[in-house]
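Peer 1: Here you go, run_9.txt (compact mmCIF, C-alpha atoms):
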# COMPACT_ATOMS: atom_id res chain seq x y z
CA MET T 1 26.83 27.76 45.44
CA SER T 2 29.74 26.43 43.40
CA THR T 3 32.57 28.74 42.54
CA SER T 4 35.10 28.87 39.75
CA ALA T 5 37.21 26.49 41.85
CA ASP T 6 34.94 23.76 40.50
CA ILE T 7 36.34 24.20 37.01
CA GLY T 8 39.45 22.21 37.78
CA ASP T 9 37.26 19.33 39.01
CA LEU T 10 35.38 18.79 35.74
CA ASP T 11 37.52 15.76 34.93
CA ALA T 12 37.46 14.18 38.40
CA TRP T 13 34.81 11.72 37.14
CA ARG T 14 37.45 10.02 34.99
CA ALA T 15 38.95 8.36 38.08
CA LEU T 16 35.60 6.82 39.12
CA PRO T 17 33.51 3.89 37.83
CA ALA T 18 31.48 5.04 34.80
CA LEU T 19 28.63 2.62 34.09
CA GLN T 20 26.75 2.27 30.80
CA GLN T 21 29.58 3.70 28.70
CA PRO T 22 30.20 2.23 25.24
CA GLU T 23 33.40 0.32 24.59
CA TRP T 24 35.03 2.36 21.85
CA ASP T 25 37.55 0.62 19.56
CA ASP T 26 40.04 3.47 19.32
CA PRO T 27 40.70 5.90 22.22
CA ASP T 28 42.49 8.29 19.86
CA GLU T 29 39.39 8.49 17.69
CA VAL T 30 37.30 9.34 20.76
CA SER T 31 39.78 12.06 21.76
CA ALA T 32 39.68 13.58 18.27
CA VAL T 33 35.87 13.66 18.28
CA ALA T 34 35.80 15.18 21.78
CA ALA T 35 38.21 17.90 20.67
CA GLU T 36 35.99 18.69 17.67
CA LEU T 37 32.89 18.82 19.88
CA ALA T 38 34.67 21.11 22.32
CA ALA T 39 35.21 23.59 19.47
CA GLN T 40 31.51 23.70 18.46
CA PRO T 41 29.14 26.54 19.44
CA PRO T 42 26.93 25.95 22.50
CA LEU T 43 23.50 24.45 21.93
CA VAL T 44 22.03 26.37 24.89
CA PHE T 45 23.21 29.30 27.00
CA ALA T 46 23.93 29.72 30.69
CA GLY T 47 21.27 32.42 31.05
CA GLU T 48 18.61 30.07 29.66
CA CYS T 49 19.67 27.37 32.13
CA ASP T 50 19.42 29.86 35.00
CA GLN T 51 15.97 30.91 33.79
CA LEU T 52 14.80 27.29 33.86
CA LYS T 53 16.35 26.87 37.30
CA ALA T 54 14.26 29.80 38.56
CA GLN T 55 11.11 28.21 37.13
CA LEU T 56 11.95 24.87 38.74
CA ALA T 57 12.37 26.72 42.03
CA ASP T 58 8.73 27.81 41.55
CA VAL T 59 7.83 24.13 41.05
CA ALA T 60 9.58 23.18 44.30
CA ARG T 61 7.56 25.90 46.09
CA GLY T 62 4.30 24.56 44.66
CA GLU T 63 3.81 27.47 42.28
CA ALA T 64 4.28 25.71 38.91
CA PHE T 65 4.00 22.30 37.23
CA VAL T 66 6.44 20.54 34.86
CA LEU T 67 5.43 18.84 31.65
CA GLN T 68 8.47 16.96 30.37
CA GLY T 69 8.24 14.59 27.44
CA GLY T 70 9.40 13.30 24.10
CA ASP T 71 11.01 10.26 22.55
CA CYS T 72 12.41 7.35 24.50
CA ALA T 73 15.40 7.53 22.16
CA GLU T 74 15.59 10.11 19.40
CA THR T 75 16.90 9.00 16.02
CA PHE T 76 18.93 10.90 13.48
CA GLU T 77 16.24 10.13 10.92
CA GLY T 78 13.63 11.74 13.17
CA SER T 79 15.48 15.08 13.31
CA ASN T 80 13.27 16.62 10.63
CA ALA T 81 10.71 19.39 10.57
CA ASP T 82 7.57 17.22 10.48
CA ALA T 83 8.62 14.89 13.30
CA VAL T 84 9.78 17.75 15.54
CA LYS T 85 6.64 19.78 14.81
CA ASN T 86 4.37 16.84 15.66
CA LYS T 87 6.10 16.23 19.01
CA LEU T 88 6.07 19.91 19.87
CA LYS T 89 2.41 20.21 18.85
CA THR T 90 1.48 17.37 21.20
CA LEU T 91 3.47 18.87 24.09
CA LEU T 92 1.84 22.27 23.58
CA GLN T 93 -1.65 20.74 23.44
CA MET T 94 -1.05 18.91 26.70
CA ALA T 95 0.35 22.07 28.29
CA VAL T 96 -2.75 24.15 27.47
CA VAL T 97 -5.00 21.60 29.18
CA LEU T 98 -2.78 21.37 32.26
CA THR T 99 -2.24 25.14 32.53
CA TYR T 100 -5.98 25.80 32.59
CA ALA T 101 -6.89 22.91 34.87
CA ALA T 102 -4.12 23.54 37.39
CA SER T 103 -4.27 27.35 37.21
CA VAL T 104 -0.49 27.40 37.55
CA PRO T 105 2.27 28.00 34.99
CA VAL T 106 3.39 24.87 33.17
CA VAL T 107 7.14 24.55 32.58
CA LYS T 108 7.57 22.90 29.18
CA ILE T 109 10.65 20.67 28.85
CA GLY T 110 11.18 18.51 25.78
CA ARG T 111 12.87 15.15 26.02
CA MET T 112 14.34 16.34 22.75
CA ALA T 113 17.47 17.68 21.03
CA GLY T 114 19.92 15.30 22.70
CA GLN T 115 18.16 12.08 23.79
CA PHE T 116 20.24 9.96 21.42
CA ALA T 117 21.70 7.48 23.92
CA LYS T 118 20.11 4.83 26.13
CA PRO T 119 21.32 2.64 29.00
CA ARG T 120 20.86 -1.08 28.39
CA SER T 121 20.31 -3.98 30.76
CA LYS T 122 22.68 -6.19 28.73
CA PRO T 123 25.80 -5.16 26.78
CA VAL T 124 25.06 -7.58 23.93
CA GLU T 125 22.04 -8.76 21.95
CA VAL T 126 21.65 -12.31 20.60
CA ARG T 127 19.44 -13.20 17.64
CA GLY T 128 19.46 -16.59 15.94
CA GLY T 129 22.73 -17.50 17.60
CA VAL T 130 24.42 -14.27 16.44
CA GLU T 131 25.81 -12.03 19.23
CA LEU T 132 26.38 -8.31 18.61
CA PRO T 133 26.77 -5.23 20.82
CA ALA T 134 23.42 -3.90 22.08
CA TYR T 135 21.92 -0.88 20.38
CA ARG T 136 22.76 2.05 22.67
CA GLY T 137 21.09 4.82 20.70
CA ASP T 138 22.02 6.60 17.48
CA ALA T 139 24.77 8.56 19.26
CA VAL T 140 26.66 5.28 19.69
CA ASN T 141 25.66 2.73 17.03
CA GLY T 142 22.93 1.78 14.57
CA PHE T 143 19.63 -0.02 15.10
CA GLY T 144 20.22 -2.56 12.30
CA PHE T 145 21.30 -6.00 13.48
CA ASP T 146 24.60 -6.37 11.64
CA ALA T 147 28.23 -5.92 12.62
CA ALA T 148 28.71 -2.67 10.70
CA SER T 149 25.62 -1.01 12.25
CA ARG T 150 26.39 -2.18 15.76
CA ARG T 151 29.98 -0.90 15.79
CA ASN T 152 30.33 1.72 18.53
CA ASP T 153 31.37 4.71 16.39
CA PRO T 154 32.46 7.92 18.20
CA ASN T 155 31.84 9.95 15.03
CA ARG T 156 28.15 9.47 15.78
CA LEU T 157 28.61 11.86 18.71
CA LEU T 158 29.25 14.63 16.18
CA LYS T 159 26.10 13.72 14.29
CA ALA T 160 24.16 13.74 17.58
CA TYR T 161 25.40 17.28 18.20
CA HIS T 162 24.35 18.47 14.73
CA CYS T 163 20.94 16.78 14.91
CA SER T 164 20.41 18.37 18.33
CA ALA T 165 21.23 21.77 16.83
CA VAL T 166 18.71 21.23 14.02
CA THR T 167 16.01 20.12 16.47
CA LEU T 168 16.61 23.05 18.82
CA ASN T 169 16.54 25.50 15.92
CA LEU T 170 13.19 24.09 14.77
CA CYS T 171 11.78 24.22 18.32
CA ARG T 172 12.84 27.83 18.75
CA ALA T 173 11.30 28.77 15.40
CA PHE T 174 8.02 26.99 16.12
CA THR T 175 7.63 28.31 19.69
CA LYS T 176 8.46 31.93 18.79
CA GLY T 177 7.10 32.18 15.24
CA GLY T 178 3.34 32.04 15.84
CA TYR T 179 2.93 28.26 15.75
CA ALA T 180 2.52 28.14 19.53
CA ASP T 181 -0.21 30.82 19.69
CA LEU T 182 -2.54 29.84 22.55
CA ARG T 183 -5.74 30.18 20.52
CA GLN T 184 -4.34 28.06 17.72
CA VAL T 185 -3.16 25.34 20.10
CA HIS T 186 -6.56 25.26 21.77
CA ALA T 187 -8.24 24.95 18.37
CA TRP T 188 -6.20 21.77 17.87
CA ASN T 189 -7.59 20.49 21.17
CA ARG T 190 -11.16 21.25 20.10
CA ASP T 191 -10.57 19.17 16.98
CA PHE T 192 -9.19 16.35 19.12
CA VAL T 193 -12.19 16.41 21.47
CA GLN T 194 -14.59 16.26 18.54
CA ARG T 195 -12.82 13.29 16.94
CA SER T 196 -11.78 11.38 20.06
CA PRO T 197 -13.89 8.39 21.11
CA ALA T 198 -13.38 9.67 24.67
CA GLY T 199 -14.08 13.25 23.59
CA ARG T 200 -17.21 13.75 25.68
CA ARG T 201 -15.17 13.27 28.80
CA TYR T 202 -13.09 16.30 27.83
CA GLU T 203 -15.83 18.45 26.32
CA GLN T 204 -16.56 20.36 29.51
CA LEU T 205 -12.95 21.34 30.12
CA ALA T 206 -12.46 22.33 26.47
CA ALA T 207 -15.62 24.48 26.65
CA GLU T 208 -14.33 26.18 29.82
CA ILE T 209 -11.06 27.08 28.08
CA ASP T 210 -13.09 28.43 25.14
CA ARG T 211 -15.10 30.70 27.43
CA ALA T 212 -11.97 31.92 29.23
CA LEU T 213 -10.25 32.82 25.95
CA THR T 214 -13.39 34.54 24.64
CA PHE T 215 -13.69 36.54 27.86
CA MET T 216 -10.05 37.67 27.71
CA LYS T 217 -10.43 38.65 24.06
CA ALA T 218 -13.55 40.70 24.91
CA CYS T 219 -11.55 42.47 27.63
CA GLY T 220 -8.83 43.33 25.14
CA ALA T 221 -6.31 41.08 26.85
CA ASN T 222 -3.68 40.00 24.36
CA PRO T 223 -0.40 39.46 26.26
CA ASP T 224 2.79 38.30 24.58
CA GLU T 225 2.50 35.02 26.50
CA PHE T 226 -0.47 34.12 24.27
CA HIS T 227 1.68 34.09 21.15
CA GLY T 228 4.81 32.16 22.13
CA VAL T 229 6.14 29.87 24.86
CA GLU T 230 9.37 29.21 26.70
CA PHE T 231 10.59 25.77 25.74
CA TYR T 232 13.56 23.93 27.25
CA SER T 233 15.56 20.90 26.12
CA SER T 234 16.62 17.92 28.23
CA HIS T 235 18.19 14.50 28.00
CA GLU T 236 19.84 11.86 30.15
CA ALA T 237 23.48 12.80 30.71
CA LEU T 238 24.66 9.32 29.89
CA LEU T 239 27.67 9.61 27.56
CA LEU T 240 30.19 11.43 29.69
CA GLU T 241 32.72 12.12 26.91
CA TYR T 242 29.98 13.96 25.01
CA GLU T 243 28.77 15.94 28.04
CA ARG T 244 32.30 16.88 29.09
CA ALA T 245 33.19 18.07 25.58
CA LEU T 246 30.10 20.31 25.60
CA THR T 247 30.82 21.87 28.98
CA ARG T 248 31.81 25.53 28.85
CA VAL T 249 32.80 28.14 31.43
CA ASP T 250 30.33 31.01 31.29
CA HIS T 251 32.20 34.25 30.63
CA LEU T 252 29.88 36.27 32.89
CA SER T 253 29.82 34.10 36.01
CA GLY T 254 33.00 32.08 35.52
CA LEU T 255 30.98 28.92 36.28
CA PRO T 256 30.78 25.72 34.19
CA TYR T 257 27.59 24.80 32.32
CA ASP T 258 26.90 21.76 30.18
CA VAL T 259 25.62 23.50 27.03
CA SER T 260 24.27 20.30 25.43
CA ALA T 261 20.84 20.94 27.06
CA HIS T 262 19.09 23.16 29.56
CA PHE T 263 18.21 20.27 31.92
CA LEU T 264 20.13 17.01 32.39
CA TRP T 265 19.25 14.00 34.45
CA ILE T 266 21.05 11.00 35.93
CA GLY T 267 19.34 7.66 35.33
CA GLU T 268 18.33 5.03 37.84
CA ARG T 269 21.19 2.82 36.60
CA THR T 270 23.90 5.48 36.98
CA ARG T 271 23.06 7.37 40.19
CA GLN T 272 25.72 5.72 42.38
CA LEU T 273 27.07 8.24 44.90
CA ASP T 274 30.65 7.17 44.17
CA GLY T 275 30.08 6.93 40.43
CA ALA T 276 31.27 9.07 37.55
CA HIS T 277 27.85 10.48 36.59
CA VAL T 278 27.08 11.97 39.99
CA GLU T 279 30.62 13.31 40.20
CA PHE T 280 30.40 15.02 36.80
CA LEU T 281 26.95 16.54 37.25
CA ARG T 282 27.68 17.92 40.70
CA HIS T 283 30.15 20.36 39.13
CA ILE T 284 27.98 21.82 36.36
CA ARG T 285 25.54 24.61 37.14
CA ASN T 286 22.56 23.49 35.04
CA PRO T 287 19.39 22.42 36.81
CA ILE T 288 19.63 18.64 37.08
CA GLY T 289 17.42 15.66 37.88
CA VAL T 290 17.85 12.15 39.26
CA LYS T 291 15.63 9.17 38.47
CA LEU T 292 14.55 7.28 41.60
CA GLY T 293 13.22 3.72 41.31
CA PRO T 294 11.25 1.68 43.88
CA THR T 295 14.37 0.41 45.67
CA THR T 296 15.52 3.95 46.54
CA SER T 297 15.77 4.50 50.29
CA ALA T 298 15.14 7.78 52.06
CA ASP T 299 18.82 7.84 53.03
CA ASP T 300 19.73 7.45 49.35
CA ALA T 301 17.64 10.50 48.53
CA LEU T 302 19.24 12.60 51.28
CA ALA T 303 22.73 11.54 50.24
CA LEU T 304 22.00 12.57 46.65
CA ILE T 305 20.81 15.97 47.86
CA GLU T 306 23.98 16.54 49.84
CA ARG T 307 26.14 15.41 46.95
CA LEU T 308 24.38 17.30 44.15
CA ASN T 309 22.92 20.33 45.93
CA PRO T 310 24.77 20.81 49.24
CA ASP T 311 23.90 24.53 49.31
CA HIS T 312 20.18 23.75 48.91
CA GLU T 313 19.89 26.07 45.92
CA PRO T 314 16.20 26.31 44.86
CA GLY T 315 15.54 24.85 41.42
CA ARG T 316 18.86 23.05 41.24
CA LEU T 317 17.65 19.49 41.95
CA THR T 318 14.59 17.57 40.75
CA PHE T 319 13.71 14.03 41.77
CA ILE T 320 11.97 12.06 38.99
CA THR T 321 10.27 9.03 40.51
CA ARG T 322 9.77 5.87 38.44
CA MET T 323 8.21 3.40 40.84
CA GLY T 324 5.58 1.45 38.89
CA ALA T 325 1.83 1.64 39.45
CA GLY T 326 1.87 -1.19 42.00
CA LYS T 327 4.64 0.28 44.15
CA ILE T 328 4.37 4.07 44.17
CA ARG T 329 1.85 4.36 47.01
CA GLU T 330 4.19 2.47 49.37
CA ALA T 331 7.62 3.47 48.08
CA LEU T 332 7.16 7.22 47.61
CA PRO T 333 5.87 8.48 51.01
CA PRO T 334 9.03 7.68 53.04
CA LEU T 335 11.17 9.55 50.50
CA ILE T 336 9.01 12.67 50.49
CA GLU T 337 8.66 12.72 54.27
CA LYS T 338 12.40 12.41 54.90
CA VAL T 339 13.26 15.05 52.28
CA ARG T 340 10.67 17.42 53.69
CA GLN T 341 12.06 16.98 57.22
CA HIS T 342 15.52 17.65 55.81
CA GLY T 343 14.30 20.98 54.45
CA ALA T 344 16.03 20.88 51.05
CA PRO T 345 14.08 22.42 48.15
CA VAL T 346 13.31 19.60 45.72
CA ALA T 347 10.86 19.44 42.81
CA TRP T 348 9.07 16.07 42.60
CA ILE T 349 8.13 14.77 39.14
CA CYS T 350 6.46 11.46 38.24
CA ASP T 351 7.79 9.27 35.43
CA PRO T 352 4.89 6.81 35.06
CA MET T 353 6.41 5.06 32.04
CA HIS T 354 9.51 3.16 33.06
CA GLY T 355 8.05 1.14 35.92
CA ASN T 356 5.14 -0.16 33.82
CA THR T 357 6.73 -1.88 30.83
CA PHE T 358 5.86 -5.49 30.00
CA GLU T 359 6.19 -7.87 27.05
CA ALA T 360 3.06 -8.67 25.04
CA PRO T 361 2.52 -12.22 23.70
CA SER T 362 3.69 -10.93 20.31
CA GLY T 363 7.10 -10.10 21.82
CA HIS T 364 6.58 -6.33 21.68
CA LYS T 365 7.55 -4.28 24.73
CA THR T 366 4.49 -2.24 25.66
CA ARG T 367 2.73 -0.28 28.42
CA ARG T 368 -0.92 0.03 29.40
CA LEU T 369 -2.23 3.59 29.52
CA ASP T 370 -4.31 2.53 32.55
CA ASP T 371 -1.10 1.60 34.42
CA VAL T 372 0.52 4.89 33.44
CA LEU T 373 -2.50 6.81 34.72
CA ASP T 374 -2.66 4.70 37.89
CA GLU T 375 0.94 5.59 38.74
CA VAL T 376 0.20 9.29 38.18
CA ALA T 377 -2.92 8.93 40.35
CA GLY T 378 -0.82 7.32 43.09
CA PHE T 379 1.72 10.14 42.81
CA PHE T 380 -1.05 12.72 43.34
CA GLU T 381 -2.61 10.72 46.18
CA VAL T 382 0.68 10.53 48.08
CA HIS T 383 1.35 14.25 47.74
CA ARG T 384 -2.21 15.13 48.72
CA ALA T 385 -1.97 12.93 51.83
CA LEU T 386 1.36 14.51 52.84
CA GLY T 387 0.39 18.08 51.98
CA THR T 388 3.20 18.38 49.42
CA HIS T 389 3.21 19.49 45.79
CA PRO T 390 2.95 17.05 42.86
CA GLY T 391 5.40 18.93 40.67
CA GLY T 392 4.97 17.40 37.23
CA ILE T 393 5.04 14.45 34.87
CA HIS T 394 7.81 13.01 32.70
CA ILE T 395 6.52 10.89 29.81
CA GLU T 396 7.69 9.19 26.64
CA PHE T 397 5.49 10.11 23.69
CA THR T 398 5.54 10.83 19.99
CA GLY T 399 3.38 13.10 17.87
CA ASP T 400 2.94 10.27 15.37
CA ASP T 401 0.06 7.80 15.13
CA VAL T 402 2.02 4.78 16.38
CA THR T 403 0.74 1.62 18.08
CA GLU T 404 3.22 0.99 20.89
CA CYS T 405 1.18 1.36 24.11
CA VAL T 406 -2.25 -0.18 24.69
CA GLY T 407 -5.44 1.48 25.89
CA GLY T 408 -6.72 5.02 25.60
CA GLY T 409 -9.72 6.49 23.81
CA GLN T 410 -8.81 4.72 20.58
CA GLY T 411 -8.99 1.35 22.34
CA LEU T 412 -5.62 0.01 21.14
CA ALA T 413 -5.16 -3.63 22.18
CA GLU T 414 -2.16 -5.95 22.28
CA HIS T 415 -3.08 -7.48 18.93
CA ASP T 416 -2.80 -3.98 17.36
CA LEU T 417 0.86 -3.49 18.31
CA HIS T 418 2.25 -4.82 15.03
CA GLN T 419 0.53 -2.09 12.97
CA ARG T 420 2.88 0.84 13.57
CA TYR T 421 5.42 -0.21 16.16
CA GLU T 422 8.24 2.21 15.31
CA THR T 423 10.18 2.98 18.50
CA ALA T 424 13.94 2.57 18.55
CA CYS T 425 13.79 1.51 22.20
CA ASP T 426 10.86 1.70 24.64
CA PRO T 427 7.14 2.02 23.74
CA ARG T 428 5.76 5.56 23.53
CA LEU T 429 2.30 7.04 23.90
CA ASN T 430 0.92 8.28 20.60
CA ARG T 431 -0.67 11.72 20.22
CA GLY T 432 -4.17 10.56 21.12
CA GLN T 433 -3.02 8.66 24.21
CA SER T 434 -0.87 11.65 25.29
CA LEU T 435 -3.87 13.97 25.14
CA ASP T 436 -6.04 11.40 26.92
CA LEU T 437 -3.40 11.45 29.66
CA ALA T 438 -3.31 15.27 29.78
CA PHE T 439 -7.06 15.53 30.34
CA MET T 440 -6.93 12.78 32.96
CA VAL T 441 -4.02 14.45 34.79
CA ALA T 442 -5.97 17.72 34.64
CA GLU T 443 -8.83 16.01 36.49
CA LEU T 444 -6.43 14.63 39.09
CA TYR T 445 -4.87 18.06 39.63
CA ARG T 446 -8.27 19.65 40.17
CA LYS T 447 -9.18 17.05 42.76
CA SER T 448 -5.90 17.55 44.62
CA ALA T 449 -6.09 21.37 44.60
What's the C-alpha cells form of this structure?

Peer 2:
Amino acid sequence: MSTSADIGDLDAWRALPALQQPEWDDPDEVSAVAAELAAQPPLVFAGECDQLKAQLADVARGEAFVLQGGDCAETFEGSNADAVKNKLKTLLQMAVVLTYAASVPVVKIGRMAGQFAKPRSKPVEVRGGVELPAYRGDAVNGFGFDAASRRNDPNRLLKAYHCSAVTLNLCRAFTKGGYADLRQVHAWNRDFVQRSPAGRRYEQLAAEIDRALTFMKACGANPDEFHGVEFYSSHEALLLEYERALTRVDHLSGLPYDVSAHFLWIGERTRQLDGAHVEFLRHIRNPIGVKLGPTTSADDALALIERLNPDHEPGRLTFITRMGAGKIREALPPLIEKVRQHGAPVAWICDPMHGNTFEAPSGHKTRRLDDVLDEVAGFFEVHRALGTHPGGIHIEFTGDDVTECVGGGQGLAEHDLHQRYETACDPRLNRGQSLDLAFMVAELYRKSA
C-alpha cells in the first residue's frame, strides 16, 4: 500500500503527456482558480472512499454487484432538485430489481456530482464554415456555438465544484431522508410495470418482491437498510488541474485522497501507461477504474494493474469494459483469463453504452437498447463460461422522458429522436429504457447464477 512518501509525487504527472486537456488562454488565471479550489472544503471524505473500496473488494470476490450510472455529461443547469431526484429515483428503482434478482448487495454509484467534462475526438467543431473549439463539458466551456460560449474558461472549474456540492448535498438528503425507503421505491416499480408496454414481462419479478417484502413485514423485520441507502459519487478524472486542486492529505492516515468524488476512472483515451492520468491516479488512495476498449491487450491490462495497484489491494482497481456488442465475446475472454492467472483482485464492470453509438439518418447520435442489452448479455456469457463474476454495469441514463436512444418497451424509433433530444454529449437511456434494462439484466443474472 502507498505511504506518505507518495505525497511528494502528486505533481509528477506535470512532466508527462496529458491528453484531452483544454488549452487555457491564461496560465495565471488557471493557477488562481486552482488555488481557490485547493482552499475549498472536501466534497467527499477519505473514510467514505475506504468504505466504497471495501464494497468493491466484495464485488471482486463475487459477493456484490455494481450499478453505476448517470449523465453522459452533467450540466450546470441540471444541478437542481428535480433533475437530481429523477436520476436518483431511476438508479434506486434499478437497484431494487437487481438486488432481489441477484440476491447480492448492489453497490450504488452515481455518474453524478462531477461529470462535467468530456474527452473529444476532435479539438474543434466546424459548422457552416465556422470553426470553434469543441464543447468539452460545462467545466470547460459552453454548449452554445459562438466564440464567447466556446472560450475555455477556468472559472468554470469553480462552478463545477459548487454544482457538485449542491448535487451531493441533494443526494445525501434524498438517500438518508426517507425518499429511498425500500417499500416506496418498490411501489414506484409496481407503477412502472402497470404502465409499461413491456410490463407483463416484469410482472412476475415485481410480484416476487412484493411477497418478500410482505413476508418480512409480517415477521417484524424492519432493518435500517430498508429506509436509506449508501450512495457514492463518481466521474472521469479528466481535468487534472481540477483533480489535483481537490486532492487532500487525510489527517488520520497521512495518505492523499482526491476528494472530488468517491470513485474516479481513467478513460479509454487517456489510459497510456506513460501518460499523466495514470501517473496522477496511481498516487491517490481512492478506489479507481480504467475503461478498456476492444483494442486492449491482455498485456495492457496486466501493465495497468502493476502500475495502478502493484500491492494487489482488494477493491482498489476496477476494469470497466466498453467493447461493443459485436466484439465483447471475442475481446473480453483473453483479458479475464490473463488477469485471473495473474491473481490480482479486479472487479469487472460492463459499460454497454460507448461501443454501441451510431448516427441516425437525422444526424442524431443514438444507441439501440437491443445493442446495449446484447453487450451486457455477452459480458455475462463470457463470465459464465470462464467461471468468473460479472461485477456490474456502467450506463448513461437520465430520469427524464427524453428520446435519445431507440428501442425499449415504449418502442422509440429513429424518427422519434427529434422529440426530446436533450443530451449535452452522448445519447442516454430514459427512465423507461433504464428500467427495461434493469429487468433484463436481472433475468441474465438469474440465468448465470

Peer 1: Using all atoms listed in the file, which of T:Asn222, T:Gln184, T:Gln51, T:Ser233 sits nearest Asp210 of chain T?

Peer 2: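 Smallest distance to Asp210 of chain T is found for T:Gln184.
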
Peer 1: Determine the nearest neighbour of Ala15 of chain T from the options T:His277, T:His262, T:His227, T:Arg316, counting all atoms listed in the file.

Peer 2: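 Of T:His277, T:His262, T:His227, T:Arg316, the one nearest Ala15 of chain T is T:His277, counting all atoms listed in the file.
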
Peer 1: Just the number, please: distance in Å from atom CA of Lys87 of chain T to atom CA of His415 of chain T, one decimal.

Peer 2: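 Separation between atom CA of Lys87 of chain T and atom CA of His415 of chain T: 25.4 Å.
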
Peer 1: May I have the protein, DNA and RNA residues with an atom at most 9 Å from (24.7, 4.1, 24.5), counting only C-alpha atoms in the file's coordinates, returned as JSON, numbers by chain?

Peer 2: {"T": [20, 21, 22, 116, 117, 118, 119, 120, 134, 135, 136, 137, 138, 139, 140, 141, 152, 238, 239]}

Peer 1: Could you name the residues that touch Gly387 of chain T at 12 Å or less, counting all atoms listed in the file, but leaving out those on the same chain fewer than 3 positions away, as a PyMOL selection string?

Peer 2: chain T and resi 62+333+336-337+340+380-384+390+448-449
